[in-house]
Amino acid sequence: QGTSTSSSSSSSARPLPPPASIFERIPKPPAVIRPPEEDAMDLFKALASPSDVPLQFVHAARANIKETRTWEMLSASAVKSLRYLRMNEVAAILHSCAQVSWRDEHLLTGLSEAMRCGADLRRGTVRDYALACQSLRRLGFCPWDGALRPIVTEMRFR
């Protein structure tokens with residue numbers, strides 16, 4: 001009888017599972033299933049900050065993406081972000097457009113105006129202006145002379 005009680009007490013003395021961690025006790029939100037038409041570009045358009053726009057242009061050009069829809073969305077987001085772009089970012093966007101031969105008149109006009117503003121404020125380097133002007137030449141786009149004057153003046157100054 002003494003052995004049966006000891007064996008029953010040993011079976012009830014099984015080690016308890018460790019208590020759940022605090023992270024396992026936090027309720028998890030239900031999984032969000034997105035419809036197939038909500039792709040990465042829609043999310044980018046909704047969530048991107050102005051500093052993400054030039055990077056998206058560079059990555060799309062490096063990946064040699066030729067989809068018109070992608071470049072239209074990138075152009076629309078760049079036009080919305082023009083006031084926040086630095087001169088090196090303007091040059092990177094123009095260079096990316098030139099790499100894939102994306103010629104959006106609205107975007108190019110806005111970027112050339114951003115170049116003019118940067119030149120008026122004496123922001124940017126000679127490399128930025130040279131890359132931007134070379135990209136505009138490769139795209140066959142000539143901004144109006146009012147946009148070019150401050151750029152030429154800034155280049156002469158440097």
# chains A, B, ... in the order shown; residues from 1 in each chain; ligands from 1
call {"tool": "residues_around", "arguments": {"residues": "Leu55 of chain A", "least_positions_apart": "6", "cutoff": "10 Å", "atoms": "only C-alpha atoms", "output": "list of chain:residue names"}}
result
A:Ala61, A:Glu89, A:Ala92, A:Ile93, A:Ser96
call {"tool": "residues_around", "arguments": {"residues": "Pro143 of chain A", "least_positions_apart": "4", "cutoff": "9 Å", "atoms": "only C-alpha atoms", "output": "count of residues only"}}
result
7
call {"tool": "closest_residue", "arguments": {"among": "A:Leu121, A:Ala60, A:Ala98, A:Arg116", "to": "Val152 of chain A", "atoms": "only C-alpha atoms"}}
result
A:Arg116
call {"tool": "closest_residue", "arguments": {"among": "A:Ala63, A:Leu111, A:Val58, A:Cys117", "to": "Cys142 of chain A", "atoms": "only C-alpha atoms"}}
result
A:Leu111
call {"tool": "atom_distance", "arguments": {"atom1": "atom CA of Met115 of chain A", "atom2": "atom CA of Phe157 of chain A"}}
result
15.7 Å
call {"tool": "atom_distance", "arguments": {"atom1": "atom CA of Gly124 of chain A", "atom2": "atom CA of Met87 of chain A"}}
result
5.1 Å
call {"tool": "atom_distance", "arguments": {"atom1": "atom CA of Arg137 of chain A", "atom2": "atom CA of Ala48 of chain A"}}
result
29.1 Å
call {"tool": "residues_around", "arguments": {"residues": "Val53 of chain A", "least_positions_apart": "3", "cutoff": "7 Å", "atoms": "only C-alpha atoms", "output": "list in words"}}
result
Pro50, Gln56, Phe57, Ser77 and Ala78 of chain A
call {"tool": "residues_around", "arguments": {"residues": "Thr68 of chain A", "least_positions_apart": "6", "cutoff": "12 Å", "atoms": "only C-alpha atoms", "output": "compact mmCIF listing (two decimals) with all heavy atoms, in the first residue's frame"}}
result
# COMPACT_ATOMS: atom_id res chain seq x y z
N ALA A 60 12.88 50.69 -58.96
CA ALA A 60 12.11 50.30 -60.15
C ALA A 60 12.99 50.36 -61.39
O ALA A 60 12.89 49.49 -62.27
CB ALA A 60 10.91 51.22 -60.31
N LEU A 74 4.21 55.91 -59.59
CA LEU A 74 5.41 56.54 -59.07
C LEU A 74 5.45 58.02 -59.43
O LEU A 74 5.81 58.87 -58.61
CB LEU A 74 6.66 55.84 -59.61
CG LEU A 74 6.98 54.47 -59.01
CD1 LEU A 74 8.12 53.81 -59.77
CD2 LEU A 74 7.30 54.59 -57.55
N SER A 75 5.06 58.34 -60.67
CA SER A 75 5.04 59.74 -61.10
C SER A 75 4.06 60.56 -60.28
O SER A 75 4.36 61.68 -59.87
CB SER A 75 4.69 59.84 -62.59
OG SER A 75 5.68 59.23 -63.37
N VAL A 100 14.89 54.12 -67.89
CA VAL A 100 13.82 53.28 -68.47
C VAL A 100 13.03 54.03 -69.54
O VAL A 100 12.02 53.53 -70.02
CB VAL A 100 12.86 52.77 -67.37
CG1 VAL A 100 13.57 51.82 -66.43
CG2 VAL A 100 12.21 53.89 -66.63
N SER A 101 13.50 55.23 -69.90
CA SER A 101 12.87 56.06 -70.93
C SER A 101 11.43 56.41 -70.58
O SER A 101 10.54 56.39 -71.44
CB SER A 101 12.92 55.37 -72.30
OG SER A 101 14.26 55.13 -72.65
N TRP A 102 11.17 56.71 -69.31
CA TRP A 102 9.84 57.12 -68.87
C TRP A 102 9.73 58.64 -69.00
O TRP A 102 10.41 59.37 -68.33
CB TRP A 102 9.58 56.69 -67.43
CG TRP A 102 8.27 57.18 -66.91
CD1 TRP A 102 8.07 58.15 -65.98
CD2 TRP A 102 6.97 56.75 -67.31
NE1 TRP A 102 6.72 58.33 -65.77
CE2 TRP A 102 6.03 57.49 -66.58
CE3 TRP A 102 6.51 55.81 -68.23
CZ2 TRP A 102 4.66 57.31 -66.71
CZ3 TRP A 102 5.15 55.63 -68.36
CH2 TRP A 102 4.23 56.37 -67.62
N ARG A 103 8.87 59.09 -69.90
CA ARG A 103 8.75 60.52 -70.19
C ARG A 103 7.34 60.98 -69.87
O ARG A 103 6.44 60.91 -70.71
CB ARG A 103 9.08 60.76 -71.66
CG ARG A 103 9.27 62.22 -72.00
CD ARG A 103 9.73 62.35 -73.44
NE ARG A 103 10.25 63.65 -73.72
CZ ARG A 103 9.52 64.72 -73.99
NH1 ARG A 103 8.21 64.63 -74.00
NH2 ARG A 103 10.09 65.88 -74.25
N ASP A 104 7.14 61.45 -68.67
CA ASP A 104 5.86 62.00 -68.22
C ASP A 104 6.03 63.53 -68.16
O ASP A 104 6.77 64.04 -67.33
CB ASP A 104 5.50 61.44 -66.86
CG ASP A 104 4.19 61.96 -66.31
OD1 ASP A 104 3.52 62.76 -67.00
OD2 ASP A 104 3.83 61.58 -65.19
call {"tool": "select_by_dssp", "arguments": {"residues": "segment 45-146 of chain A", "states": "helix (DSSP H, G or I)", "output": "PDB file with N, CA and C atoms, in the first residue's frame"}}
result
ATOM      1  N   LYS A  45       1.431  53.676 -52.388  1.00  0.00           N
ATOM      2  CA  LYS A  45       0.765  54.967 -52.567  1.00  0.00           C
ATOM      3  C   LYS A  45       0.117  55.427 -51.263  1.00  0.00           C
ATOM      4  N   ALA A  46      -0.406  54.499 -50.503  1.00  0.00           N
ATOM      5  CA  ALA A  46      -1.090  54.863 -49.267  1.00  0.00           C
ATOM      6  C   ALA A  46      -0.124  55.138 -48.115  1.00  0.00           C
ATOM      7  N   LEU A  47       1.014  54.461 -48.088  1.00  0.00           N
ATOM      8  CA  LEU A  47       1.868  54.503 -46.903  1.00  0.00           C
ATOM      9  C   LEU A  47       3.213  55.191 -47.093  1.00  0.00           C
ATOM     10  N   ASP A  52      10.601  58.235 -49.350  1.00  0.00           N
ATOM     11  CA  ASP A  52      10.576  56.913 -49.976  1.00  0.00           C
ATOM     12  C   ASP A  52      10.470  56.991 -51.492  1.00  0.00           C
ATOM     13  N   VAL A  53       9.960  58.088 -52.006  1.00  0.00           N
ATOM     14  CA  VAL A  53       9.672  58.200 -53.434  1.00  0.00           C
ATOM     15  C   VAL A  53      10.932  58.055 -54.289  1.00  0.00           C
ATOM     16  N   PRO A  54      12.019  58.787 -54.024  1.00  0.00           N
ATOM     17  CA  PRO A  54      13.210  58.601 -54.863  1.00  0.00           C
ATOM     18  C   PRO A  54      13.771  57.183 -54.811  1.00  0.00           C
ATOM     19  N   LEU A  55      13.689  56.545 -53.644  1.00  0.00           N
ATOM     20  CA  LEU A  55      14.171  55.168 -53.530  1.00  0.00           C
ATOM     21  C   LEU A  55      13.340  54.223 -54.380  1.00  0.00           C
ATOM     22  N   GLN A  56      12.036  54.450 -54.430  1.00  0.00           N
ATOM     23  CA  GLN A  56      11.183  53.607 -55.253  1.00  0.00           C
ATOM     24  C   GLN A  56      11.514  53.768 -56.735  1.00  0.00           C
ATOM     25  N   PHE A  57      11.800  54.995 -57.151  1.00  0.00           N
ATOM     26  CA  PHE A  57      12.205  55.222 -58.537  1.00  0.00           C
ATOM     27  C   PHE A  57      13.498  54.484 -58.844  1.00  0.00           C
ATOM     28  N   VAL A  58      14.468  54.593 -57.958  1.00  0.00           N
ATOM     29  CA  VAL A  58      15.768  53.944 -58.177  1.00  0.00           C
ATOM     30  C   VAL A  58      15.607  52.439 -58.250  1.00  0.00           C
ATOM     31  N   HIS A  59      14.838  51.856 -57.330  1.00  0.00           N
ATOM     32  CA  HIS A  59      14.650  50.403 -57.322  1.00  0.00           C
ATOM     33  C   HIS A  59      13.872  49.930 -58.546  1.00  0.00           C
ATOM     34  N   ALA A  60      12.880  50.689 -58.960  1.00  0.00           N
ATOM     35  CA  ALA A  60      12.111  50.305 -60.150  1.00  0.00           C
ATOM     36  C   ALA A  60      12.992  50.359 -61.394  1.00  0.00           C
ATOM     37  N   ALA A  61      13.858  51.351 -61.479  1.00  0.00           N
ATOM     38  CA  ALA A  61      14.757  51.450 -62.635  1.00  0.00           C
ATOM     39  C   ALA A  61      15.794  50.331 -62.615  1.00  0.00           C
ATOM     40  N   ARG A  62      16.335  50.021 -61.444  1.00  0.00           N
ATOM     41  CA  ARG A  62      17.322  48.930 -61.345  1.00  0.00           C
ATOM     42  C   ARG A  62      16.706  47.592 -61.703  1.00  0.00           C
ATOM     43  N   THR A  68       3.604  50.347 -67.346  1.00  0.00           N
ATOM     44  CA  THR A  68       3.142  51.731 -67.387  1.00  0.00           C
ATOM     45  C   THR A  68       2.431  52.104 -66.102  1.00  0.00           C
ATOM     46  N   ARG A  69       1.628  51.186 -65.571  1.00  0.00           N
ATOM     47  CA  ARG A  69       0.867  51.475 -64.347  1.00  0.00           C
ATOM     48  C   ARG A  69       1.804  51.790 -63.179  1.00  0.00           C
ATOM     49  N   THR A  70       2.882  51.044 -63.070  1.00  0.00           N
ATOM     50  CA  THR A  70       3.848  51.276 -61.992  1.00  0.00           C
ATOM     51  C   THR A  70       4.452  52.669 -62.097  1.00  0.00           C
ATOM     52  N   TRP A  71       4.877  53.047 -63.307  1.00  0.00           N
ATOM     53  CA  TRP A  71       5.525  54.344 -63.487  1.00  0.00           C
ATOM     54  C   TRP A  71       4.528  55.491 -63.350  1.00  0.00           C
ATOM     55  N   GLU A  72       3.273  55.252 -63.718  1.00  0.00           N
ATOM     56  CA  GLU A  72       2.255  56.285 -63.516  1.00  0.00           C
ATOM     57  C   GLU A  72       2.037  56.543 -62.028  1.00  0.00           C
ATOM     58  N   MET A  73       1.980  55.478 -61.236  1.00  0.00           N
ATOM     59  CA  MET A  73       1.798  55.640 -59.793  1.00  0.00           C
ATOM     60  C   MET A  73       3.017  56.305 -59.162  1.00  0.00           C
ATOM     61  N   LEU A  74       4.206  55.906 -59.593  1.00  0.00           N
ATOM     62  CA  LEU A  74       5.413  56.540 -59.071  1.00  0.00           C
ATOM     63  C   LEU A  74       5.445  58.019 -59.435  1.00  0.00           C
ATOM     64  N   SER A  75       5.056  58.340 -60.672  1.00  0.00           N
ATOM     65  CA  SER A  75       5.045  59.742 -61.100  1.00  0.00           C
ATOM     66  C   SER A  75       4.056  60.560 -60.283  1.00  0.00           C
ATOM     67  N   ALA A  76       2.883  59.998 -60.045  1.00  0.00           N
ATOM     68  CA  ALA A  76       1.876  60.715 -59.258  1.00  0.00           C
ATOM     69  C   ALA A  76       2.371  60.959 -57.832  1.00  0.00           C
ATOM     70  N   SER A  77       3.022  59.982 -57.245  1.00  0.00           N
ATOM     71  CA  SER A  77       3.530  60.179 -55.883  1.00  0.00           C
ATOM     72  C   SER A  77       4.686  61.174 -55.868  1.00  0.00           C
ATOM     73  N   ALA A  78       5.497  61.204 -56.915  1.00  0.00           N
ATOM     74  CA  ALA A  78       6.604  62.165 -56.977  1.00  0.00           C
ATOM     75  C   ALA A  78       6.078  63.586 -57.130  1.00  0.00           C
ATOM     76  N   VAL A  79       5.050  63.766 -57.948  1.00  0.00           N
ATOM     77  CA  VAL A  79       4.472  65.103 -58.121  1.00  0.00           C
ATOM     78  C   VAL A  79       3.912  65.611 -56.795  1.00  0.00           C
ATOM     79  N   LYS A  80       3.288  64.721 -56.018  1.00  0.00           N
ATOM     80  CA  LYS A  80       2.749  65.126 -54.717  1.00  0.00           C
ATOM     81  C   LYS A  80       3.859  65.474 -53.728  1.00  0.00           C
ATOM     82  N   LEU A  82       6.897  66.834 -54.498  1.00  0.00           N
ATOM     83  CA  LEU A  82       7.902  67.743 -55.064  1.00  0.00           C
ATOM     84  C   LEU A  82       8.435  68.757 -54.064  1.00  0.00           C
ATOM     85  N   ARG A  83       7.594  69.299 -53.233  1.00  0.00           N
ATOM     86  CA  ARG A  83       8.049  70.357 -52.321  1.00  0.00           C
ATOM     87  C   ARG A  83       8.994  69.844 -51.249  1.00  0.00           C
ATOM     88  N   TYR A  84       9.032  68.519 -51.043  1.00  0.00           N
ATOM     89  CA  TYR A  84       9.881  67.953 -49.998  1.00  0.00           C
ATOM     90  C   TYR A  84      11.197  67.392 -50.531  1.00  0.00           C
ATOM     91  N   MET A  87      17.709  68.315 -53.892  1.00  0.00           N
ATOM     92  CA  MET A  87      18.221  68.328 -55.259  1.00  0.00           C
ATOM     93  C   MET A  87      18.800  66.974 -55.668  1.00  0.00           C
ATOM     94  N   ASN A  88      19.460  66.274 -54.761  1.00  0.00           N
ATOM     95  CA  ASN A  88      20.004  64.960 -55.123  1.00  0.00           C
ATOM     96  C   ASN A  88      18.884  63.948 -55.373  1.00  0.00           C
ATOM     97  N   GLU A  89      17.749  64.109 -54.694  1.00  0.00           N
ATOM     98  CA  GLU A  89      16.606  63.225 -54.931  1.00  0.00           C
ATOM     99  C   GLU A  89      15.937  63.531 -56.270  1.00  0.00           C
ATOM    100  N   VAL A  90      15.877  64.812 -56.629  1.00  0.00           N
ATOM    101  CA  VAL A  90      15.345  65.197 -57.943  1.00  0.00           C
ATOM    102  C   VAL A  90      16.213  64.580 -59.035  1.00  0.00           C
ATOM    103  N   ALA A  91      17.529  64.668 -58.863  1.00  0.00           N
ATOM    104  CA  ALA A  91      18.450  64.104 -59.847  1.00  0.00           C
ATOM    105  C   ALA A  91      18.300  62.587 -59.929  1.00  0.00           C
ATOM    106  N   ALA A  92      18.109  61.923 -58.790  1.00  0.00           N
ATOM    107  CA  ALA A  92      17.939  60.462 -58.784  1.00  0.00           C
ATOM    108  C   ALA A  92      16.655  60.054 -59.504  1.00  0.00           C
ATOM    109  N   ILE A  93      15.581  60.813 -59.295  1.00  0.00           N
ATOM    110  CA  ILE A  93      14.317  60.506 -59.980  1.00  0.00           C
ATOM    111  C   ILE A  93      14.472  60.697 -61.484  1.00  0.00           C
ATOM    112  N   LEU A  94      15.074  61.807 -61.886  1.00  0.00           N
ATOM    113  CA  LEU A  94      15.275  62.052 -63.316  1.00  0.00           C
ATOM    114  C   LEU A  94      16.173  60.981 -63.938  1.00  0.00           C
ATOM    115  N   HIS A  95      17.217  60.593 -63.237  1.00  0.00           N
ATOM    116  CA  HIS A  95      18.120  59.557 -63.748  1.00  0.00           C
ATOM    117  C   HIS A  95      17.385  58.233 -63.910  1.00  0.00           C
ATOM    118  N   SER A  96      16.537  57.896 -62.942  1.00  0.00           N
ATOM    119  CA  SER A  96      15.759  56.654 -63.029  1.00  0.00           C
ATOM    120  C   SER A  96      14.799  56.692 -64.211  1.00  0.00           C
ATOM    121  N   CYS A  97      14.161  57.838 -64.414  1.00  0.00           N
ATOM    122  CA  CYS A  97      13.250  57.977 -65.559  1.00  0.00           C
ATOM    123  C   CYS A  97      14.013  57.819 -66.880  1.00  0.00           C
ATOM    124  N   ALA A  98      15.208  58.396 -66.940  1.00  0.00           N
ATOM    125  CA  ALA A  98      16.004  58.309 -68.165  1.00  0.00           C
ATOM    126  C   ALA A  98      16.466  56.872 -68.414  1.00  0.00           C
ATOM    127  N   GLN A  99      16.751  56.124 -67.370  1.00  0.00           N
ATOM    128  CA  GLN A  99      17.204  54.746 -67.538  1.00  0.00           C
ATOM    129  C   GLN A  99      16.155  53.867 -68.206  1.00  0.00           C
ATOM    130  N   VAL A 100      14.890  54.116 -67.891  1.00  0.00           N
ATOM    131  CA  VAL A 100      13.822  53.285 -68.467  1.00  0.00           C
ATOM    132  C   VAL A 100      13.034  54.028 -69.543  1.00  0.00           C
ATOM    133  N   GLU A 105       5.366  64.230 -69.072  1.00  0.00           N
ATOM    134  CA  GLU A 105       5.534  65.681 -69.185  1.00  0.00           C
ATOM    135  C   GLU A 105       5.229  66.402 -67.873  1.00  0.00           C
ATOM    136  N   HIS A 106       4.179  65.977 -67.194  1.00  0.00           N
ATOM    137  CA  HIS A 106       3.783  66.620 -65.941  1.00  0.00           C
ATOM    138  C   HIS A 106       4.882  66.454 -64.880  1.00  0.00           C
ATOM    139  N   LEU A 107       5.400  65.236 -64.773  1.00  0.00           N
ATOM    140  CA  LEU A 107       6.470  64.959 -63.817  1.00  0.00           C
ATOM    141  C   LEU A 107       7.741  65.723 -64.173  1.00  0.00           C
ATOM    142  N   LEU A 108       8.118  65.715 -65.448  1.00  0.00           N
ATOM    143  CA  LEU A 108       9.347  66.393 -65.867  1.00  0.00           C
ATOM    144  C   LEU A 108       9.254  67.903 -65.661  1.00  0.00           C
ATOM    145  N   THR A 109       8.091  68.466 -65.905  1.00  0.00           N
ATOM    146  CA  THR A 109       7.908  69.900 -65.664  1.00  0.00           C
ATOM    147  C   THR A 109       8.057  70.209 -64.175  1.00  0.00           C
ATOM    148  N   GLY A 110       7.442  69.390 -63.334  1.00  0.00           N
ATOM    149  CA  GLY A 110       7.551  69.591 -61.896  1.00  0.00           C
ATOM    150  C   GLY A 110       8.974  69.436 -61.391  1.00  0.00           C
ATOM    151  N   LEU A 111       9.673  68.432 -61.902  1.00  0.00           N
ATOM    152  CA  LEU A 111      11.053  68.221 -61.472  1.00  0.00           C
ATOM    153  C   LEU A 111      11.976  69.341 -61.956  1.00  0.00           C
ATOM    154  N   SER A 112      11.724  69.864 -63.155  1.00  0.00           N
ATOM    155  CA  SER A 112      12.554  70.980 -63.625  1.00  0.00           C
ATOM    156  C   SER A 112      12.283  72.241 -62.798  1.00  0.00           C
ATOM    157  N   GLU A 113      11.047  72.416 -62.347  1.00  0.00           N
ATOM    158  CA  GLU A 113      10.748  73.537 -61.451  1.00  0.00           C
ATOM    159  C   GLU A 113      11.412  73.332 -60.088  1.00  0.00           C
ATOM    160  N   ALA A 114      11.452  72.087 -59.626  1.00  0.00           N
ATOM    161  CA  ALA A 114      12.147  71.801 -58.370  1.00  0.00           C
ATOM    162  C   ALA A 114      13.642  72.081 -58.516  1.00  0.00           C
ATOM    163  N   MET A 115      14.194  71.797 -59.690  1.00  0.00           N
ATOM    164  CA  MET A 115      15.601  72.128 -59.953  1.00  0.00           C
ATOM    165  C   MET A 115      15.805  73.638 -59.914  1.00  0.00           C
ATOM    166  N   ARG A 116      14.892  74.384 -60.511  1.00  0.00           N
ATOM    167  CA  ARG A 116      14.979  75.844 -60.515  1.00  0.00           C
ATOM    168  C   ARG A 116      14.954  76.385 -59.090  1.00  0.00           C
ATOM    169  N   CYS A 117      14.033  75.874 -58.284  1.00  0.00           N
ATOM    170  CA  CYS A 117      13.949  76.320 -56.887  1.00  0.00           C
ATOM    171  C   CYS A 117      15.222  75.972 -56.122  1.00  0.00           C
ATOM    172  N   GLY A 118      15.757  74.786 -56.363  1.00  0.00           N
ATOM    173  CA  GLY A 118      17.001  74.392 -55.715  1.00  0.00           C
ATOM    174  C   GLY A 118      18.155  75.285 -56.115  1.00  0.00           C
ATOM    175  N   ALA A 119      18.185  75.678 -57.386  1.00  0.00           N
ATOM    176  CA  ALA A 119      19.248  76.574 -57.857  1.00  0.00           C
ATOM    177  C   ALA A 119      19.069  77.972 -57.274  1.00  0.00           C
ATOM    178  N   ASP A 120      17.828  78.432 -57.170  1.00  0.00           N
ATOM    179  CA  ASP A 120      17.577  79.742 -56.556  1.00  0.00           C
ATOM    180  C   ASP A 120      18.049  79.783 -55.106  1.00  0.00           C
ATOM    181  N   VAL A 126      27.246  70.287 -58.055  1.00  0.00           N
ATOM    182  CA  VAL A 126      27.440  70.285 -59.504  1.00  0.00           C
ATOM    183  C   VAL A 126      27.049  68.918 -60.065  1.00  0.00           C
ATOM    184  N   ARG A 127      27.382  67.858 -59.334  1.00  0.00           N
ATOM    185  CA  ARG A 127      27.027  66.514 -59.777  1.00  0.00           C
ATOM    186  C   ARG A 127      25.510  66.366 -59.898  1.00  0.00           C
ATOM    187  N   ASP A 128      24.757  66.882 -58.923  1.00  0.00           N
ATOM    188  CA  ASP A 128      23.294  66.802 -58.961  1.00  0.00           C
ATOM    189  C   ASP A 128      22.741  67.492 -60.201  1.00  0.00           C
ATOM    190  N   TYR A 129      23.222  68.713 -60.456  1.00  0.00           N
ATOM    191  CA  TYR A 129      22.738  69.465 -61.618  1.00  0.00           C
ATOM    192  C   TYR A 129      23.149  68.794 -62.922  1.00  0.00           C
ATOM    193  N   ALA A 130      24.375  68.282 -62.971  1.00  0.00           N
ATOM    194  CA  ALA A 130      24.852  67.626 -64.195  1.00  0.00           C
ATOM    195  C   ALA A 130      24.042  66.364 -64.483  1.00  0.00           C
ATOM    196  N   LEU A 131      23.798  65.555 -63.450  1.00  0.00           N
ATOM    197  CA  LEU A 131      23.016  64.334 -63.631  1.00  0.00           C
ATOM    198  C   LEU A 131      21.586  64.656 -64.055  1.00  0.00           C
ATOM    199  N   ALA A 132      20.995  65.665 -63.432  1.00  0.00           N
ATOM    200  CA  ALA A 132      19.622  66.047 -63.762  1.00  0.00           C
ATOM    201  C   ALA A 132      19.534  66.567 -65.203  1.00  0.00           C
ATOM    202  N   CYS A 133      20.457  67.446 -65.586  1.00  0.00           N
ATOM    203  CA  CYS A 133      20.428  67.993 -66.949  1.00  0.00           C
ATOM    204  C   CYS A 133      20.697  66.912 -67.992  1.00  0.00           C
ATOM    205  N   GLN A 134      21.635  66.011 -67.701  1.00  0.00           N
ATOM    206  CA  GLN A 134      21.913  64.901 -68.619  1.00  0.00           C
ATOM    207  C   GLN A 134      20.687  64.004 -68.768  1.00  0.00           C
ATOM    208  N   SER A 135      19.987  63.757 -67.675  1.00  0.00           N
ATOM    209  CA  SER A 135      18.784  62.923 -67.726  1.00  0.00           C
ATOM    210  C   SER A 135      17.685  63.600 -68.534  1.00  0.00           C
ATOM    211  N   LEU A 136      17.525  64.915 -68.350  1.00  0.00           N
ATOM    212  CA  LEU A 136      16.531  65.649 -69.147  1.00  0.00           C
ATOM    213  C   LEU A 136      16.891  65.587 -70.630  1.00  0.00           C
ATOM    214  N   ARG A 137      18.183  65.684 -70.942  1.00  0.00           N
ATOM    215  CA  ARG A 137      18.618  65.595 -72.345  1.00  0.00           C
ATOM    216  C   ARG A 137      18.312  64.222 -72.913  1.00  0.00           C
ATOM    217  N   ARG A 138      18.589  63.166 -72.141  1.00  0.00           N
ATOM    218  CA  ARG A 138      18.323  61.802 -72.610  1.00  0.00           C
ATOM    219  C   ARG A 138      16.839  61.557 -72.831  1.00  0.00           C
ATOM    220  N   LEU A 139      16.008  62.245 -72.067  1.00  0.00           N
ATOM    221  CA  LEU A 139      14.559  62.099 -72.220  1.00  0.00           C
ATOM    222  C   LEU A 139      13.996  63.004 -73.311  1.00  0.00           C
ATOM    223  N   ASP A 145      12.877  78.369 -70.487  1.00  0.00           N
ATOM    224  CA  ASP A 145      14.129  79.077 -70.203  1.00  0.00           C
ATOM    225  C   ASP A 145      14.142  79.720 -68.820  1.00  0.00           C
ATOM    226  N   GLY A 146      12.985  80.037 -68.262  1.00  0.00           N
ATOM    227  CA  GLY A 146      12.926  80.581 -66.907  1.00  0.00           C
ATOM    228  C   GLY A 146      13.401  79.580 -65.865  1.00  0.00           C
TER     229      GLY A 146
END
